[in-house]
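**Student:** Please find one structure pasted underneath; my questions will follow.
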Amino acid sequence: YNEYKSYLRLCKMISLAISRRVLPLISSGKLNLLGYYQQKCYLSSKRVNSDKAEEHLNTHTEEKPHTAKVVGFWQNGGILRKGFIILLAVGAVLYYVRMYIKIKYNKELVEQLKSGGKAYGSMNVGGSFELANTKGEKITNTSFLGKWVVMYFGFTYCPDICPEQMEAMGEMVDRAEKELGLSNMIPVMVTIDTERDTPEIIDEYLSDYHPKFVGLLGEEKNIDMMCKKFRVYRSKGQALSDPNDYILDHTVTQYLIDPDGNVVGYFMRNRDMDSRLATLGDKVEEYVRLKNESSKSVMLRLWDAVMPAKT
């Protein structure tokens, strides 16, 4: 993903450079790309003087009317025509570069998921946020410290996908406690529907799936900021007769957050429950191992401070 963003940034820089440097040269008549290219190609291949090169170009143009039309179209065009042609060509190149990088990124992600690799740990997402639960209490990224969290962005009016994800999260919490001994895991749903989802509606909706469910809501700007940090896409569809009868298109991903508040994994919609639990088990084991190593390191430093080594 970062590579993809870097290439897009490079493409924007190229576009700005062309618009600021190349177009002024064209407008002033100092840059004739087609004529320059033809002359360079001919002179390098034939090694003749400039007079013969000019005579050859004129003869070549007369013999091939299509070339003459192209040359005439370019040379007789004004700044708008030449600028439009260059921008069209550059835009086409940048578009294909962008599509190539996007397809490459998606292909690598799909291959990682198919191979069962640790693609769940490759996303750099998350961060600070400030929302509220259904009781009106302020909830931030520090409110869940000490707990494992599986988080999902959805809305209560979702017809089929969100109920499916709610059931999967509830099942994951139950099986994590039963099979992994993980009793400090909670499921969290962040609503992306700031217009219709009220605290009462969210409470009633989540009560059908699991008693540990926590619903979060907030103002549009806070939800938008959190979606950006978690790279969650959302788009409101067009309502028909009833302005409240609309659908929201959104990312279908569950995020795994460790007790320190770090996003350490994610689960796409196509991940089966056994695979999710295996991933969770690996992350819990890795978290415990790192904590133990950190504790040992602290104890060693304290020991060295109290009992310095004799020289």
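Please note that chains go A, B, ... in the order of the structure tokens, that every chain numbers its residues from 1, and that ligands are numbered from 1 in the order shown.
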As a compact mmCIF listing (two decimals) with N, CA and C atoms, in the first residue's frame, which residues of range 120-226 of chain A does DSSP assign to helix (DSSP H, G or I)?

**Tutor:**
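Here's the written file selection24.txt:
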# COMPACT_ATOMS: atom_id res chain seq x y z
N TYR A 120 -2.54 -10.95 7.63
CA TYR A 120 -3.35 -10.25 8.62
C TYR A 120 -2.53 -9.27 9.44
N GLY A 121 -1.22 -9.37 9.38
CA GLY A 121 -0.40 -8.46 10.18
C GLY A 121 0.32 -7.41 9.36
N ILE A 161 -24.99 -8.28 5.09
CA ILE A 161 -23.57 -8.44 5.38
C ILE A 161 -23.25 -8.17 6.84
N CYS A 162 -23.78 -7.09 7.40
CA CYS A 162 -23.48 -6.75 8.80
C CYS A 162 -24.01 -7.79 9.78
N PRO A 163 -25.25 -8.28 9.62
CA PRO A 163 -25.69 -9.37 10.51
C PRO A 163 -24.79 -10.59 10.45
N GLU A 164 -24.31 -10.89 9.26
CA GLU A 164 -23.38 -12.03 9.10
C GLU A 164 -22.09 -11.78 9.88
N GLN A 165 -21.57 -10.56 9.82
CA GLN A 165 -20.34 -10.22 10.53
C GLN A 165 -20.56 -10.18 12.05
N MET A 166 -21.72 -9.72 12.48
CA MET A 166 -22.03 -9.69 13.92
C MET A 166 -22.04 -11.12 14.50
N GLU A 167 -22.66 -12.02 13.76
CA GLU A 167 -22.69 -13.41 14.22
C GLU A 167 -21.30 -14.01 14.27
N ALA A 168 -20.48 -13.70 13.25
CA ALA A 168 -19.11 -14.22 13.22
C ALA A 168 -18.28 -13.69 14.39
N MET A 169 -18.46 -12.42 14.73
CA MET A 169 -17.72 -11.84 15.85
C MET A 169 -18.15 -12.45 17.16
N GLY A 170 -19.46 -12.67 17.33
CA GLY A 170 -19.95 -13.31 18.55
C GLY A 170 -19.42 -14.71 18.69
N GLU A 171 -19.42 -15.46 17.60
CA GLU A 171 -18.90 -16.82 17.62
C GLU A 171 -17.41 -16.83 17.94
N MET A 172 -16.68 -15.88 17.39
CA MET A 172 -15.24 -15.80 17.63
C MET A 172 -14.94 -15.53 19.10
N VAL A 173 -15.70 -14.65 19.73
CA VAL A 173 -15.49 -14.34 21.14
C VAL A 173 -15.77 -15.57 22.01
N ASP A 174 -16.84 -16.30 21.70
CA ASP A 174 -17.19 -17.50 22.48
C ASP A 174 -16.13 -18.59 22.31
N ARG A 175 -15.72 -18.83 21.08
CA ARG A 175 -14.74 -19.89 20.85
C ARG A 175 -13.36 -19.51 21.37
N ALA A 176 -13.03 -18.21 21.34
CA ALA A 176 -11.74 -17.76 21.88
C ALA A 176 -11.66 -18.03 23.38
N GLU A 177 -12.78 -17.82 24.07
CA GLU A 177 -12.79 -18.08 25.51
C GLU A 177 -12.76 -19.58 25.80
N LYS A 178 -13.46 -20.35 24.98
CA LYS A 178 -13.56 -21.78 25.23
C LYS A 178 -12.30 -22.53 24.80
N GLU A 179 -11.74 -22.19 23.65
CA GLU A 179 -10.64 -22.95 23.09
C GLU A 179 -9.27 -22.34 23.39
N PRO A 199 -28.42 5.57 19.88
CA PRO A 199 -27.98 4.64 20.93
C PRO A 199 -29.00 3.54 21.20
N GLU A 200 -30.30 3.89 21.22
CA GLU A 200 -31.34 2.89 21.50
C GLU A 200 -31.40 1.84 20.39
N ILE A 201 -31.30 2.28 19.15
CA ILE A 201 -31.36 1.34 18.02
C ILE A 201 -30.15 0.42 18.01
N ILE A 202 -28.97 0.98 18.31
CA ILE A 202 -27.75 0.17 18.34
C ILE A 202 -27.81 -0.86 19.46
N ASP A 203 -28.28 -0.45 20.63
CA ASP A 203 -28.40 -1.38 21.76
C ASP A 203 -29.31 -2.54 21.42
N GLU A 204 -30.47 -2.24 20.87
CA GLU A 204 -31.42 -3.28 20.52
C GLU A 204 -30.86 -4.21 19.44
N TYR A 205 -30.15 -3.63 18.50
CA TYR A 205 -29.57 -4.40 17.40
C TYR A 205 -28.50 -5.37 17.89
N LEU A 206 -27.58 -4.89 18.72
CA LEU A 206 -26.46 -5.71 19.17
C LEU A 206 -26.87 -6.75 20.20
N GLU A 220 -20.28 13.11 12.65
CA GLU A 220 -19.81 12.76 11.31
C GLU A 220 -18.30 12.96 11.16
N LYS A 221 -17.78 14.06 11.69
CA LYS A 221 -16.34 14.35 11.53
C LYS A 221 -15.49 13.33 12.29
N ASN A 222 -15.96 12.88 13.46
CA ASN A 222 -15.21 11.90 14.23
C ASN A 222 -15.23 10.52 13.58
N ILE A 223 -16.40 10.15 13.04
CA ILE A 223 -16.49 8.87 12.34
C ILE A 223 -15.64 8.89 11.09
N ASP A 224 -15.68 10.00 10.37
CA ASP A 224 -14.89 10.13 9.14
C ASP A 224 -13.40 10.04 9.44
N MET A 225 -12.96 10.68 10.51
CA MET A 225 -11.55 10.64 10.89
C MET A 225 -11.12 9.23 11.28
N MET A 226 -11.99 8.53 12.00
CA MET A 226 -11.65 7.17 12.42
C MET A 226 -11.62 6.23 11.21

**Student:** Residues of range 135-165 of chain A classed as strand (DSSP E or B) by DSSP on the backbone are to be reported as a list in words.

**Tutor:**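 Output for range 135-165 of chain A, strand (DSSP E or B) only: Lys138, Ile139, Thr140, Trp148, Val149, Val150, Met151, Tyr152, Phe153 and Gly154 of chain A.
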
**Student:** Quick one: of A:Val263, A:Ile186, A:Leu277, A:Val288, who's nearest to Gly126 in chain A, counting only C-alpha atoms?

**Tutor:**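 Residue with the minimum atom-to-atom distance to Gly126 in chain A: A:Val263.
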